[in-house]
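**Student:** I have a structure here, written as C-alpha coordinates, and I will follow up with some questions on it.
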Amino acid sequence: MNAVFDYAAWFASLCFVLAMLCALVRLFIGPAAQDRVLALDTLYINGMLTLLMLGIRSSSTVYFDMALLIALFGFASTIALAKFLLRGEVIEP
Amino acid sequence: MNHVDLPLWVTIPGTLLLVFGGLLVLIGSAGLVKLEHFYARMHPPTMGTTLGTGCVLITSMLVSSALEQRPVIHEILITVFVVMSAPVSAMLLMRAAVYREHRKRPEPTQPLDDIGGTIPPRD
(Lines give C-alpha, C1' and ligand atoms only; values in the text may rest on other atoms or scores of the structure.)
Protein backbone atom coordinates (compact mmCIF):
# COMPACT_ATOMS: atom_id res chain seq x y z
CA MET A 1 0.00 0.00 0.00
CA ASN A 2 2.95 2.29 0.57
CA ALA A 3 3.95 1.93 -3.06
CA VAL A 4 0.50 3.07 -4.20
CA PHE A 5 0.77 6.10 -1.95
CA ASP A 6 4.18 6.89 -3.42
CA TYR A 7 2.78 6.67 -6.94
CA ALA A 8 -0.07 9.00 -5.93
CA ALA A 9 2.47 11.46 -4.51
CA TRP A 10 4.43 11.36 -7.77
CA PHE A 11 1.24 11.85 -9.76
CA ALA A 12 0.20 14.85 -7.67
CA SER A 13 3.66 16.41 -8.01
CA LEU A 14 3.51 15.93 -11.77
CA CYS A 15 0.06 17.54 -11.88
CA PHE A 16 1.28 20.54 -9.89
CA VAL A 17 4.30 21.01 -12.13
CA LEU A 18 2.12 20.84 -15.24
CA ALA A 19 -0.24 23.34 -13.63
CA MET A 20 2.72 25.66 -13.01
CA LEU A 21 3.62 25.34 -16.70
CA CYS A 22 0.05 26.30 -17.65
CA ALA A 23 0.24 29.34 -15.40
CA LEU A 24 3.58 30.28 -16.99
CA VAL A 25 2.01 30.08 -20.46
CA ARG A 26 -0.73 32.46 -19.35
CA LEU A 27 1.89 34.68 -17.76
CA PHE A 28 3.69 35.04 -21.09
CA ILE A 29 0.77 35.30 -23.48
CA GLY A 30 -1.60 37.19 -21.21
CA PRO A 31 -3.03 40.08 -23.20
CA ALA A 32 -3.64 42.43 -20.29
CA ALA A 33 -1.83 43.15 -17.06
CA GLN A 34 -4.58 41.66 -14.91
CA ASP A 35 -4.17 38.33 -16.72
CA ARG A 36 -0.53 38.27 -15.76
CA VAL A 37 -1.33 39.06 -12.14
CA LEU A 38 -3.87 36.26 -12.09
CA ALA A 39 -1.30 33.90 -13.59
CA LEU A 40 1.22 34.89 -10.89
CA ASP A 41 -1.42 34.22 -8.24
CA THR A 42 -2.01 30.72 -9.63
CA LEU A 43 1.72 30.18 -9.98
CA TYR A 44 2.53 30.82 -6.34
CA ILE A 45 -0.33 28.67 -5.14
CA ASN A 46 0.95 25.82 -7.32
CA GLY A 47 4.48 26.34 -6.09
CA MET A 48 3.24 26.19 -2.51
CA LEU A 49 1.46 22.91 -3.27
CA THR A 50 4.63 21.50 -4.85
CA LEU A 51 6.56 22.36 -1.70
CA LEU A 52 3.90 20.65 0.40
CA MET A 53 4.23 17.57 -1.77
CA LEU A 54 7.98 17.61 -1.20
CA GLY A 55 7.25 17.78 2.52
CA ILE A 56 4.89 14.81 2.33
CA ARG A 57 7.30 12.73 0.27
CA SER A 58 10.35 13.44 2.40
CA SER A 59 8.35 13.42 5.68
CA SER A 60 10.02 16.57 6.92
CA THR A 61 8.39 19.58 8.59
CA VAL A 62 10.75 22.21 7.21
CA TYR A 63 8.75 22.53 4.00
CA PHE A 64 5.64 23.51 5.93
CA ASP A 65 7.20 26.79 7.07
CA MET A 66 8.33 27.57 3.55
CA ALA A 67 4.83 26.90 2.24
CA LEU A 68 3.33 29.19 4.87
CA LEU A 69 5.79 31.95 3.95
CA ILE A 70 5.03 31.54 0.25
CA ALA A 71 1.31 31.83 0.97
CA LEU A 72 1.84 35.00 3.05
CA PHE A 73 4.14 36.78 0.62
CA GLY A 74 2.15 35.69 -2.42
CA PHE A 75 -1.02 37.14 -0.95
CA ALA A 76 0.73 40.39 -0.11
CA SER A 77 2.21 40.67 -3.61
CA THR A 78 -1.10 39.92 -5.31
CA ILE A 79 -2.83 42.57 -3.21
CA ALA A 80 -0.08 45.08 -3.98
CA LEU A 81 -0.23 44.42 -7.72
CA ALA A 82 -4.03 44.60 -7.81
CA LYS A 83 -3.91 47.85 -5.87
CA PHE A 84 -1.38 49.20 -8.31
CA LEU A 85 -3.57 48.28 -11.27
CA LEU A 86 -6.57 49.83 -9.57
CA ARG A 87 -5.15 53.12 -8.28
CA GLY A 88 -1.78 53.70 -9.93
CA GLU A 89 0.16 53.51 -6.68
CA VAL A 90 0.40 51.02 -3.87
CA ILE A 91 0.70 53.07 -0.71
CA GLU A 92 -1.35 56.19 -0.90
CA PRO A 93 -0.82 59.17 1.35
CA MET B 1 10.87 7.52 -0.20
CA ASN B 2 9.17 7.28 3.16
CA HIS B 3 11.20 4.54 4.74
CA VAL B 4 8.52 4.17 7.39
CA ASP B 5 5.49 1.97 6.82
CA LEU B 6 2.47 4.18 6.85
CA PRO B 7 -0.70 2.60 8.25
CA LEU B 8 -3.72 1.91 6.09
CA TRP B 9 -5.82 4.73 7.54
CA VAL B 10 -3.28 7.11 6.08
CA THR B 11 -2.53 5.57 2.72
CA ILE B 12 -6.05 4.91 1.44
CA PRO B 13 -7.54 8.40 2.03
CA GLY B 14 -4.17 9.97 1.28
CA THR B 15 -3.96 8.32 -2.13
CA LEU B 16 -7.50 9.31 -3.05
CA LEU B 17 -7.05 12.88 -1.85
CA LEU B 18 -3.73 13.33 -3.64
CA VAL B 19 -5.08 12.08 -6.97
CA PHE B 20 -8.22 14.18 -6.61
CA GLY B 21 -6.33 17.31 -5.59
CA GLY B 22 -3.75 16.95 -8.33
CA LEU B 23 -6.42 16.56 -10.99
CA LEU B 24 -8.35 19.56 -9.63
CA VAL B 25 -5.30 21.82 -9.69
CA LEU B 26 -4.32 20.68 -13.17
CA ILE B 27 -7.83 21.21 -14.57
CA GLY B 28 -8.01 24.65 -12.95
CA SER B 29 -4.73 25.79 -14.44
CA ALA B 30 -5.62 24.33 -17.85
CA GLY B 31 -8.80 26.38 -17.71
CA LEU B 32 -6.66 29.43 -17.01
CA VAL B 33 -4.94 28.86 -20.34
CA LYS B 34 -7.94 27.72 -22.37
CA LEU B 35 -10.76 30.12 -21.54
CA GLU B 36 -11.41 33.16 -23.68
CA HIS B 37 -12.18 36.15 -21.52
CA PHE B 38 -10.62 37.48 -18.35
CA TYR B 39 -13.78 37.23 -16.29
CA ALA B 40 -14.12 33.60 -17.30
CA ARG B 41 -10.47 32.98 -16.48
CA MET B 42 -10.96 34.21 -12.91
CA HIS B 43 -12.96 31.14 -11.96
CA PRO B 44 -11.02 27.91 -12.66
CA PRO B 45 -7.86 28.55 -10.60
CA THR B 46 -10.03 29.21 -7.56
CA MET B 47 -11.05 25.55 -7.60
CA GLY B 48 -7.44 24.46 -7.34
CA THR B 49 -6.68 27.14 -4.78
CA THR B 50 -9.30 26.12 -2.27
CA LEU B 51 -10.21 22.49 -2.88
CA GLY B 52 -6.82 21.30 -4.14
CA THR B 53 -4.99 22.97 -1.28
CA GLY B 54 -7.49 21.46 1.15
CA CYS B 55 -6.89 17.96 -0.21
CA VAL B 56 -3.10 18.25 -0.05
CA LEU B 57 -3.17 19.73 3.43
CA ILE B 58 -5.46 17.02 4.78
CA THR B 59 -3.04 14.43 3.38
CA SER B 60 -0.12 16.28 4.95
CA MET B 61 -1.92 16.28 8.30
CA LEU B 62 -2.58 12.53 8.05
CA VAL B 63 1.03 11.71 7.16
CA SER B 64 2.49 13.93 9.88
CA SER B 65 0.12 12.52 12.48
CA ALA B 66 1.06 8.97 11.52
CA LEU B 67 4.77 9.74 11.62
CA GLU B 68 4.79 11.61 14.92
CA GLN B 69 2.29 9.28 16.64
CA ARG B 70 0.20 12.23 17.79
CA PRO B 71 -2.33 14.51 16.10
CA VAL B 72 -0.52 17.21 14.11
CA ILE B 73 -2.88 19.93 12.95
CA HIS B 74 -0.66 22.93 12.28
CA GLU B 75 -1.40 22.63 8.55
CA ILE B 76 -4.76 24.19 9.38
CA LEU B 77 -2.88 27.51 9.48
CA ILE B 78 -2.23 27.39 5.74
CA THR B 79 -5.78 26.23 5.01
CA VAL B 80 -7.35 29.06 6.99
CA PHE B 81 -5.01 31.62 5.51
CA VAL B 82 -5.50 30.53 1.90
CA VAL B 83 -9.27 30.21 2.24
CA MET B 84 -9.44 33.67 3.82
CA SER B 85 -7.11 35.38 1.38
CA ALA B 86 -8.27 33.93 -1.95
CA PRO B 87 -11.60 35.80 -2.15
CA VAL B 88 -9.98 39.08 -1.12
CA SER B 89 -7.34 38.95 -3.85
CA ALA B 90 -9.88 37.73 -6.43
CA MET B 91 -12.22 40.60 -5.61
CA LEU B 92 -9.49 43.23 -5.79
CA LEU B 93 -8.22 41.82 -9.08
CA MET B 94 -11.74 41.81 -10.51
CA ARG B 95 -12.27 45.43 -9.51
CA ALA B 96 -8.97 46.37 -11.11
CA ALA B 97 -9.99 44.61 -14.33
CA VAL B 98 -13.39 46.32 -14.39
CA TYR B 99 -11.77 49.70 -13.82
CA ARG B 100 -9.14 49.22 -16.52
CA GLU B 101 -11.60 47.97 -19.12
CA HIS B 102 -13.90 50.86 -18.31
CA ARG B 103 -11.07 53.33 -18.89
CA LYS B 104 -10.11 51.68 -22.18
CA ARG B 105 -13.61 52.19 -23.60
CA PRO B 106 -13.74 55.15 -26.03
CA GLU B 107 -15.29 58.31 -24.72
CA PRO B 108 -18.33 59.82 -26.45
CA THR B 109 -16.61 62.03 -29.02
CA GLN B 110 -18.93 64.99 -29.37
CA PRO B 111 -20.55 66.96 -26.64
CA LEU B 112 -24.28 67.20 -26.79
CA ASP B 113 -24.68 70.70 -28.29
CA ASP B 114 -22.41 69.88 -31.29
CA ILE B 115 -24.70 67.18 -32.62
CA GLY B 116 -27.33 69.68 -33.61
CA GLY B 117 -29.73 69.49 -30.80
CA THR B 118 -30.61 72.62 -28.93
CA ILE B 119 -30.18 73.03 -25.27
CA PRO B 120 -33.34 74.44 -23.75
CA PRO B 121 -32.72 77.82 -22.16
CA ARG B 122 -32.61 77.92 -18.44
CA ASP B 123 -35.13 80.21 -16.86
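Chains: A, B, ... in order of the C-alpha coordinates. Residues: from 1 per chain. Ligands: from 1, in order shown.
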Just want the 9 Å neighbourhood of His43 (chain B), counted on only C-alpha atoms, with same-chain residues fewer than 5 positions away dropped. Output as a PyMOL selection string.
**Tutor:** chain B and resi 28+31-32
**Student:** Those residues with N, CA and C atoms, as a PDB file, in the first residue's frame please?
**Tutor:**
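Saved to again_2.pdb:
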```pdb
ATOM      1  N   GLY B  28      -7.850  23.204 -13.171  1.00  0.00           N
ATOM      2  CA  GLY B  28      -8.005  24.645 -12.951  1.00  0.00           C
ATOM      3  C   GLY B  28      -7.000  25.453 -13.733  1.00  0.00           C
ATOM      4  N   GLY B  31      -7.745  25.427 -17.410  1.00  0.00           N
ATOM      5  CA  GLY B  31      -8.802  26.382 -17.705  1.00  0.00           C
ATOM      6  C   GLY B  31      -8.284  27.802 -17.758  1.00  0.00           C
ATOM      7  N   LEU B  32      -7.270  28.098 -16.956  1.00  0.00           N
ATOM      8  CA  LEU B  32      -6.655  29.430 -17.007  1.00  0.00           C
ATOM      9  C   LEU B  32      -6.052  29.698 -18.374  1.00  0.00           C
TER      10      LEU B  32
END
```
**Student:** I'd like a table as a Markdown table: residues in region 55-107 of chain B with an atom no more than 9 Å from region 28-47 of chain A, each row giving the shortest atom pair and its distance in Å to one decimal, only C-alpha atoms counted, sorted by chain and rising residue number.
**Tutor:**
```
| residue | atom | partner | partner_atom | distance |
| --- | --- | --- | --- | --- |
| B:Val82 | CA | A:Ile45 | CA | 8.9 |
| B:Ser89 | CA | A:Asp41 | CA | 8.8 |
| B:Ala90 | CA | A:Leu38 | CA | 8.4 |
| B:Leu93 | CA | A:Gln34 | CA | 6.9 |
| B:Met94 | CA | A:Gln34 | CA | 8.4 |
| B:Ala96 | CA | A:Gln34 | CA | 7.5 |
| B:Ala97 | CA | A:Gln34 | CA | 6.2 |
| B:Arg100 | CA | A:Gln34 | CA | 9.0 |
```
**Student:** Please dump the current selection as an mmCIF file, in the first residue's frame; keep N, CA, C and O atoms.
**Tutor:**
```
data_model
loop_
_atom_site.group_PDB
_atom_site.id
_atom_site.type_symbol
_atom_site.label_atom_id
_atom_site.label_comp_id
_atom_site.auth_asym_id
_atom_site.auth_seq_id
_atom_site.Cartn_x
_atom_site.Cartn_y
_atom_site.Cartn_z
ATOM 1 N N VAL B 82 -5.214 30.542 3.339
ATOM 2 C CA VAL B 82 -5.505 30.531 1.897
ATOM 3 C C VAL B 82 -6.991 30.740 1.649
ATOM 4 O O VAL B 82 -7.386 31.524 0.791
ATOM 5 N N SER B 89 -8.172 38.615 -2.686
ATOM 6 C CA SER B 89 -7.340 38.947 -3.848
ATOM 7 C C SER B 89 -8.149 38.834 -5.138
ATOM 8 O O SER B 89 -7.976 39.663 -6.051
ATOM 9 N N ALA B 90 -9.068 37.859 -5.217
ATOM 10 C CA ALA B 90 -9.879 37.735 -6.429
ATOM 11 C C ALA B 90 -10.769 38.951 -6.609
ATOM 12 O O ALA B 90 -10.910 39.476 -7.718
ATOM 13 N N LEU B 93 -8.676 41.973 -7.697
ATOM 14 C CA LEU B 93 -8.225 41.815 -9.084
ATOM 15 C C LEU B 93 -9.383 42.067 -10.042
ATOM 16 O O LEU B 93 -9.207 42.707 -11.091
ATOM 17 N N MET B 94 -10.563 41.589 -9.668
ATOM 18 C CA MET B 94 -11.739 41.808 -10.509
ATOM 19 C C MET B 94 -12.084 43.290 -10.597
ATOM 20 O O MET B 94 -12.389 43.809 -11.677
ATOM 21 N N ALA B 96 -9.991 45.738 -10.273
ATOM 22 C CA ALA B 96 -8.967 46.373 -11.109
ATOM 23 C C ALA B 96 -9.255 46.139 -12.582
ATOM 24 O O ALA B 96 -9.128 47.054 -13.414
ATOM 25 N N ALA B 97 -9.701 44.906 -12.920
ATOM 26 C CA ALA B 97 -9.992 44.605 -14.330
ATOM 27 C C ALA B 97 -11.180 45.418 -14.815
ATOM 28 O O ALA B 97 -11.159 45.972 -15.928
ATOM 29 N N ARG B 100 -10.006 49.004 -15.350
ATOM 30 C CA ARG B 100 -9.145 49.222 -16.516
ATOM 31 C C ARG B 100 -9.902 49.070 -17.822
ATOM 32 O O ARG B 100 -9.687 49.836 -18.759
#
```
**Student:** Could you list, as a list of chain:residue names, every residue of chain A that has an atom within 6 Å of an atom of chain B, counting only C-alpha atoms?
**Tutor:**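 For chain A, the answer reads A:Phe5, A:Ala8, A:Ala12, A:Cys15, A:Ala19, A:Cys22, A:Arg26, A:Ile56, A:Leu68, A:Ile79, A:Ala82, A:Leu85, A:Leu86.
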**Student:** Return as an MDAnalysis selection string the full set of residues in chain B whose backbone-based DSSP assignment is alpha helix (DSSP H).
**Tutor:** chainID B and resid 8:34 38:41 44:47 53:68 76:104
**Student:** Would you compute the distance between CA of Arg57 (chain A) and CA of Phe75 (chain A)? Give it in Å to one decimal.
**Tutor:**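 A separation of 25.8 Å between them.
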**Student:** So how many Å separate CA of Tyr63 (chain A) and CA of Leu51 (chain A), to one decimal?
**Tutor:**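 It comes out at 6.1 Å.
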**Student:** What's the separation between CA of Pro106 (chain B) and CA of Ala80 (chain A), in Å to one decimal place?
**Tutor:**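 Separating CA of Pro106 (chain B) from CA of Ala80 (chain A) is a distance of 27.8 Å.
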